[in-house]
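Colleague: Attaching a single structure in structure tokens format; questions to follow.
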Amino acid sequence: MQTSRNYTMKDIARELGVSVATVSRALKDSPRISAEKREEIKRFAREHNYSPNILAEALRKSKVQPLKVIGVIVPKFTHFYFSSILAGIEEEASARGYRLMVAQSDERYEKEVQICKSFYENKVCGVIVSQAKDTIKYDHFQQLINKGLPLVFYDRISTGVHASRVVIDDYMGSMAAVTHLINSGCKRIAFYGVSLNLEIGKNRYNGYLDALRKHGIEPDEQLIRMCDNRTDAEAITPDLFDLPEPPDAFFAVNDDTAIGILYSCKRMGKRIPEEVSICGFTNGERATSCDPMLTTVEQRGIRVGEEAANILIDKVEGALPMESVEKRIVRTRLILRGTTR
């Protein structure tokens, strides 16, 4: 029985209890979807007057490859988390017939602006970005939106731009980590964080503070440092042990910083975790290559990348309205290893 209104891919996905990506693949006869499921989805689409939008039709028929190229901006290629997100974006984009144009901002605002300009000139169909640390102006992002390009933020988002984003639950990840340290007997927990100009910096800091206060521990400003890399962590950690009441635990904004703390403590002869507990945030490969292996919060970067790619492609293909703002949160998980009791 036919209906009077035209269904979108999002409608079909909701009615059949599958993802929009599954619908998209089935309508394109992707071998990743079983023949039975493909037929079910195509039959439902026919019965409910599904028809692709004009842009989607152009994408399928066009021989101009840039129409199916997604621009991706990565702050640093060397960070495990960003590379895992990129892997997730690439896997999902490739499965749906898209290629990537990837550029590194190197944590510099000026370079980020130039990349956005270059992406537009090269006619990418949309941009997925994690902003640079020192970005405090967002005109270059807004200009992409104004020109009709879908924009999706991941990890580091801009609250000054009305755009879709995929983030992990930084606040709850931080709270879970600090709560574990407290429950294992730690009371003087130091925090090494990133600039509070970044949403992830604020969220992880607030999770740390709230976990302390929930357990009746008053935060000590002497134990709070802005530090997000191994070199600086190794340099400043000995200073904290010169305090009248030194820390008995550290919670760091990423694994590299946590590993810097670990090796600094070991050089001072501290026993890990008997005297000092340490927790990081990433769960990259380095977390299992140090001794003892690092307790850390797993960020699930591949899943973040897949979600970001799906949002952008759904907007390009009309499954999501171009003006809609999707906000998706990927849950974290605390991985317990040898650096905590």
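To be explicit about the labels: the chains of the structure tokens are called A, B, and onward in the order shown, and within each one the residues are counted from 1, while ligands get numbers from 1 in the order they are shown.
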Counting only C-alpha atoms, what is within 12 Å of A:Val304, bar same-chain residues fewer than 2 positions away, as JSON, numbers by chain?
Modeller: {"A": [81, 82, 83, 84, 85, 86, 87, 88, 89, 90, 91, 92, 128, 129, 130, 152, 153, 154, 155, 156, 165, 166, 167, 168, 169, 298, 299, 300, 301, 302, 306, 307, 308, 309, 310, 311, 327, 328, 329, 330, 331, 332]}
Colleague: Could those selected residues go to a file with N, CA and C atoms, as a compact mmCIF listing (two decimals), in the first residue's frame?
Modeller:
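What follows is the written file result19.txt:
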# COMPACT_ATOMS: atom_id res chain seq x y z
N TYR A 81 45.05 9.12 18.99
CA TYR A 81 43.60 9.32 18.98
C TYR A 81 43.14 9.90 17.66
N PHE A 82 43.84 10.91 17.16
CA PHE A 82 43.43 11.52 15.89
C PHE A 82 43.61 10.55 14.73
N SER A 83 44.67 9.75 14.77
CA SER A 83 44.87 8.79 13.68
C SER A 83 43.80 7.70 13.71
N SER A 84 43.34 7.33 14.90
CA SER A 84 42.29 6.31 14.97
C SER A 84 40.95 6.89 14.49
N ILE A 85 40.70 8.16 14.79
CA ILE A 85 39.49 8.81 14.27
C ILE A 85 39.55 8.86 12.75
N LEU A 86 40.70 9.22 12.21
CA LEU A 86 40.87 9.28 10.76
C LEU A 86 40.62 7.92 10.13
N ALA A 87 41.07 6.85 10.80
CA ALA A 87 40.82 5.50 10.29
C ALA A 87 39.33 5.20 10.24
N GLY A 88 38.59 5.64 11.27
CA GLY A 88 37.15 5.43 11.29
C GLY A 88 36.44 6.21 10.20
N ILE A 89 36.87 7.45 9.97
CA ILE A 89 36.29 8.26 8.90
C ILE A 89 36.53 7.60 7.55
N GLU A 90 37.77 7.18 7.32
CA GLU A 90 38.14 6.59 6.03
C GLU A 90 37.37 5.31 5.76
N GLU A 91 37.24 4.48 6.78
CA GLU A 91 36.55 3.19 6.60
C GLU A 91 35.09 3.40 6.20
N GLU A 92 34.42 4.31 6.92
CA GLU A 92 33.00 4.54 6.63
C GLU A 92 32.82 5.27 5.30
N ILE A 128 35.11 17.68 7.73
CA ILE A 128 35.12 17.14 9.08
C ILE A 128 36.37 17.67 9.77
N VAL A 129 36.23 18.28 10.95
CA VAL A 129 37.36 19.00 11.54
C VAL A 129 37.40 18.88 13.06
N SER A 130 38.62 18.84 13.59
CA SER A 130 38.88 19.06 15.01
C SER A 130 39.74 20.31 15.07
N VAL A 152 31.18 19.12 10.08
CA VAL A 152 31.03 18.28 11.27
C VAL A 152 32.30 18.39 12.10
N PHE A 153 32.14 18.77 13.36
CA PHE A 153 33.27 18.80 14.29
C PHE A 153 33.41 17.45 14.98
N TYR A 154 34.66 17.09 15.32
CA TYR A 154 34.89 15.93 16.16
C TYR A 154 35.91 16.30 17.24
N ASP A 155 35.80 15.67 18.38
CA ASP A 155 36.70 15.86 19.52
C ASP A 155 36.70 17.31 20.02
N ARG A 156 37.42 18.19 19.35
CA ARG A 156 37.44 19.60 19.76
C ARG A 156 36.41 20.36 18.94
N ARG A 165 28.29 17.84 15.59
CA ARG A 165 29.53 17.44 16.25
C ARG A 165 29.43 16.03 16.81
N VAL A 166 30.59 15.37 16.89
CA VAL A 166 30.68 14.06 17.53
C VAL A 166 31.78 14.16 18.57
N VAL A 167 31.44 13.88 19.82
CA VAL A 167 32.41 13.97 20.90
C VAL A 167 32.30 12.72 21.77
N ILE A 168 33.31 12.52 22.58
CA ILE A 168 33.20 11.48 23.58
C ILE A 168 32.68 12.13 24.86
N ASP A 169 32.25 11.32 25.80
CA ASP A 169 31.73 11.83 27.06
C ASP A 169 32.91 12.15 27.98
N GLU A 298 39.46 4.88 27.77
CA GLU A 298 39.42 4.57 26.34
C GLU A 298 38.47 5.52 25.61
N GLN A 299 38.96 6.13 24.52
CA GLN A 299 38.18 7.13 23.80
C GLN A 299 37.42 6.60 22.60
N ARG A 300 37.74 5.43 22.10
CA ARG A 300 37.02 4.80 20.97
C ARG A 300 37.02 5.71 19.74
N GLY A 301 38.22 6.06 19.31
CA GLY A 301 38.37 6.99 18.20
C GLY A 301 37.76 6.51 16.88
N ILE A 302 37.87 5.23 16.60
CA ILE A 302 37.32 4.71 15.34
C ILE A 302 35.81 4.95 15.28
N GLU A 306 33.65 7.11 12.52
CA GLU A 306 32.52 6.54 11.77
C GLU A 306 31.27 7.42 11.91
N GLU A 307 31.00 7.87 13.12
CA GLU A 307 29.82 8.71 13.36
C GLU A 307 29.93 10.03 12.61
N ALA A 308 31.12 10.64 12.64
CA ALA A 308 31.32 11.92 11.95
C ALA A 308 31.12 11.76 10.44
N ALA A 309 31.69 10.69 9.88
CA ALA A 309 31.54 10.45 8.44
C ALA A 309 30.08 10.21 8.07
N ASN A 310 29.38 9.46 8.89
CA ASN A 310 27.97 9.17 8.60
C ASN A 310 27.12 10.43 8.62
N ILE A 311 27.34 11.30 9.59
CA ILE A 311 26.57 12.55 9.64
C ILE A 311 26.81 13.36 8.39
N LYS A 327 24.11 16.11 17.31
CA LYS A 327 25.03 16.07 18.44
C LYS A 327 25.09 14.64 18.96
N ARG A 328 26.21 13.97 18.69
CA ARG A 328 26.34 12.57 19.09
C ARG A 328 27.48 12.41 20.08
N ILE A 329 27.23 11.59 21.09
CA ILE A 329 28.21 11.35 22.15
C ILE A 329 28.60 9.88 22.14
N VAL A 330 29.90 9.62 22.10
CA VAL A 330 30.43 8.26 22.15
C VAL A 330 30.90 7.99 23.58
N ARG A 331 30.41 6.92 24.17
CA ARG A 331 30.73 6.62 25.56
C ARG A 331 32.18 6.19 25.73
N THR A 332 32.77 6.55 26.87
CA THR A 332 34.13 6.14 27.20
C THR A 332 34.10 4.89 28.08
Colleague: When distances are computed from only C-alpha atoms, which of A:Glu323, A:Asp228, A:Glu274, A:Asp29 shows the smallest separation from A:Ile145?
Modeller: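 Using only C-alpha atoms, A:Ile145 sits closest to A:Glu323.
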Colleague: Compile a residue-level contact table for stretch 90-207 of chain A against stretch 255-264 of chain A at a cut-off of 12 Å, reporting for every qualifying residue the shortest atom pair and its distance in Å to one decimal, with only C-alpha atoms counted, rows ordered by chain and ascending number, as a Markdown table.
Modeller:
| residue | atom | partner | partner_atom | distance |
| --- | --- | --- | --- | --- |
| A:Ala190 | CA | A:Ile261 | CA | 10.6 |
| A:Phe191 | CA | A:Ala258 | CA | 10.2 |
| A:Tyr192 | CA | A:Thr257 | CA | 7.7 |
| A:Gly193 | CA | A:Thr257 | CA | 9.1 |
| A:Val194 | CA | A:Thr257 | CA | 10.4 |
Colleague: Mind writing the picked residues with N, CA and C atoms as a PDB file, in the first residue's frame?
Modeller:
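After the write, out35.pdb holds the following:
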ATOM      1  N   ALA A 190      46.503  14.925  41.682  1.00  0.00           N
ATOM      2  CA  ALA A 190      46.895  16.031  40.804  1.00  0.00           C
ATOM      3  C   ALA A 190      46.200  15.898  39.456  1.00  0.00           C
ATOM      4  N   PHE A 191      45.982  17.037  38.820  1.00  0.00           N
ATOM      5  CA  PHE A 191      45.329  17.066  37.499  1.00  0.00           C
ATOM      6  C   PHE A 191      46.222  17.799  36.516  1.00  0.00           C
ATOM      7  N   TYR A 192      46.585  17.139  35.408  1.00  0.00           N
ATOM      8  CA  TYR A 192      47.316  17.771  34.311  1.00  0.00           C
ATOM      9  C   TYR A 192      46.345  17.894  33.142  1.00  0.00           C
ATOM     10  N   GLY A 193      45.996  19.135  32.783  1.00  0.00           N
ATOM     11  CA  GLY A 193      44.968  19.333  31.775  1.00  0.00           C
ATOM     12  C   GLY A 193      45.395  20.209  30.623  1.00  0.00           C
ATOM     13  N   VAL A 194      44.440  20.403  29.703  1.00  0.00           N
ATOM     14  CA  VAL A 194      44.661  21.213  28.519  1.00  0.00           C
ATOM     15  C   VAL A 194      43.902  22.517  28.700  1.00  0.00           C
TER      16      VAL A 194
END
Colleague: Using only C-alpha atoms for the distances, tell me which of A:Asp248, A:Glu15, A:Glu221, A:Glu199 is nearest to A:Val276.
Modeller: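 Closest to A:Val276, using only C-alpha atoms: A:Asp248.
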Colleague: Run DSSP on the backbone and tell me which residues of stretch 103-265 of chain A come out as alpha helix (DSSP H); list them as a PyMOL selection string.
Modeller: chain A and resi 109-121+139-146+170-183+199-214+230-240+255-265
Colleague: Quick check, in Å to one decimal: how far apart do atom CA of A:His140 and atom CA of A:Lys117 lie?
Modeller: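 Spanning atom CA of A:His140 to atom CA of A:Lys117 is a straight-line distance of 7.9 Å.
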Colleague: Might you pull out every residue within 8 Å of A:Ser195, with only C-alpha atoms counted and same-chain residues fewer than 4 positions away left off, and present them as a PyMOL selection string?
Modeller: chain A and resi 133+201-202+226
Colleague: Can you write just those residues out, N, CA and C atoms, as a PDB file, in the first residue's frame?
Modeller:
ATOM      1  N   LYS A 133      44.405  24.018  18.737  1.00  0.00           N
ATOM      2  CA  LYS A 133      44.382  24.476  20.130  1.00  0.00           C
ATOM      3  C   LYS A 133      44.221  25.983  20.248  1.00  0.00           C
ATOM      4  N   GLY A 201      38.888  20.432  27.388  1.00  0.00           N
ATOM      5  CA  GLY A 201      39.632  20.870  28.561  1.00  0.00           C
ATOM      6  C   GLY A 201      38.696  21.173  29.715  1.00  0.00           C
ATOM      7  N   LYS A 202      37.632  21.914  29.435  1.00  0.00           N
ATOM      8  CA  LYS A 202      36.654  22.265  30.473  1.00  0.00           C
ATOM      9  C   LYS A 202      35.934  21.026  30.996  1.00  0.00           C
ATOM     10  N   MET A 226      48.377  23.100  33.883  1.00  0.00           N
ATOM     11  CA  MET A 226      48.070  23.030  32.459  1.00  0.00           C
ATOM     12  C   MET A 226      49.267  22.387  31.763  1.00  0.00           C
TER      13      MET A 226
END
Colleague: Atom CA of A:Ala13 and atom CA of A:Phe44, how far apart in Å?
Modeller: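 Taking atom CA of A:Phe44 and atom CA of A:Ala13, their separation equals 10.3 Å.
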Colleague: List the spatial neighbours of A:Leu320 as a PDB file with N, CA and C atoms, in the first residue's frame - criterion: any atom at most 9 Å away, only C-alpha atoms, same-chain residues fewer than 4 positions off excluded.
Modeller:
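File selection_0.pdb, as written:
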ATOM      1  N   THR A   8      12.184   9.777   3.268  1.00  0.00           N
ATOM      2  CA  THR A   8      13.630   9.989   3.156  1.00  0.00           C
ATOM      3  C   THR A   8      14.333   8.725   3.625  1.00  0.00           C
ATOM      4  N   MET A   9      15.647   8.662   3.435  1.00  0.00           N
ATOM      5  CA  MET A   9      16.400   7.510   3.926  1.00  0.00           C
ATOM      6  C   MET A   9      16.300   7.406   5.444  1.00  0.00           C
ATOM      7  N   LYS A  10      16.235   8.558   6.112  1.00  0.00           N
ATOM      8  CA  LYS A  10      16.111   8.542   7.569  1.00  0.00           C
ATOM      9  C   LYS A  10      14.780   7.918   7.986  1.00  0.00           C
ATOM     10  N   ILE A 311      27.340  11.302   9.589  1.00  0.00           N
ATOM     11  CA  ILE A 311      26.572  12.551   9.645  1.00  0.00           C
ATOM     12  C   ILE A 311      26.808  13.364   8.388  1.00  0.00           C
ATOM     13  N   LEU A 312      28.080  13.525   8.018  1.00  0.00           N
ATOM     14  CA  LEU A 312      28.390  14.373   6.869  1.00  0.00           C
ATOM     15  C   LEU A 312      27.811  13.797   5.578  1.00  0.00           C
ATOM     16  N   ILE A 313      27.993  12.494   5.356  1.00  0.00           N
ATOM     17  CA  ILE A 313      27.490  11.874   4.125  1.00  0.00           C
ATOM     18  C   ILE A 313      25.967  11.897   4.095  1.00  0.00           C
ATOM     19  N   ASP A 314      25.334  11.689   5.241  1.00  0.00           N
ATOM     20  CA  ASP A 314      23.871  11.758   5.287  1.00  0.00           C
ATOM     21  C   ASP A 314      23.371  13.150   4.915  1.00  0.00           C
ATOM     22  N   LYS A 315      24.109  14.179   5.298  1.00  0.00           N
ATOM     23  CA  LYS A 315      23.729  15.538   4.912  1.00  0.00           C
ATOM     24  C   LYS A 315      23.927  15.744   3.407  1.00  0.00           C
ATOM     25  N   VAL A 316      25.047  15.276   2.883  1.00  0.00           N
ATOM     26  CA  VAL A 316      25.329  15.420   1.455  1.00  0.00           C
ATOM     27  C   VAL A 316      24.273  14.709   0.618  1.00  0.00           C
ATOM     28  N   SER A 324      20.199  20.841   9.797  1.00  0.00           N
ATOM     29  CA  SER A 324      20.077  20.171  11.093  1.00  0.00           C
ATOM     30  C   SER A 324      21.430  20.122  11.799  1.00  0.00           C
TER      31      SER A 324
END
Colleague: Got a sec to tell me which of stretch 173-306 of chain A DSSP assigns to strand (DSSP E or B), as a ChimeraX atom specification?
Modeller: /A:189-193,224-226,249-252,277-282,295-298
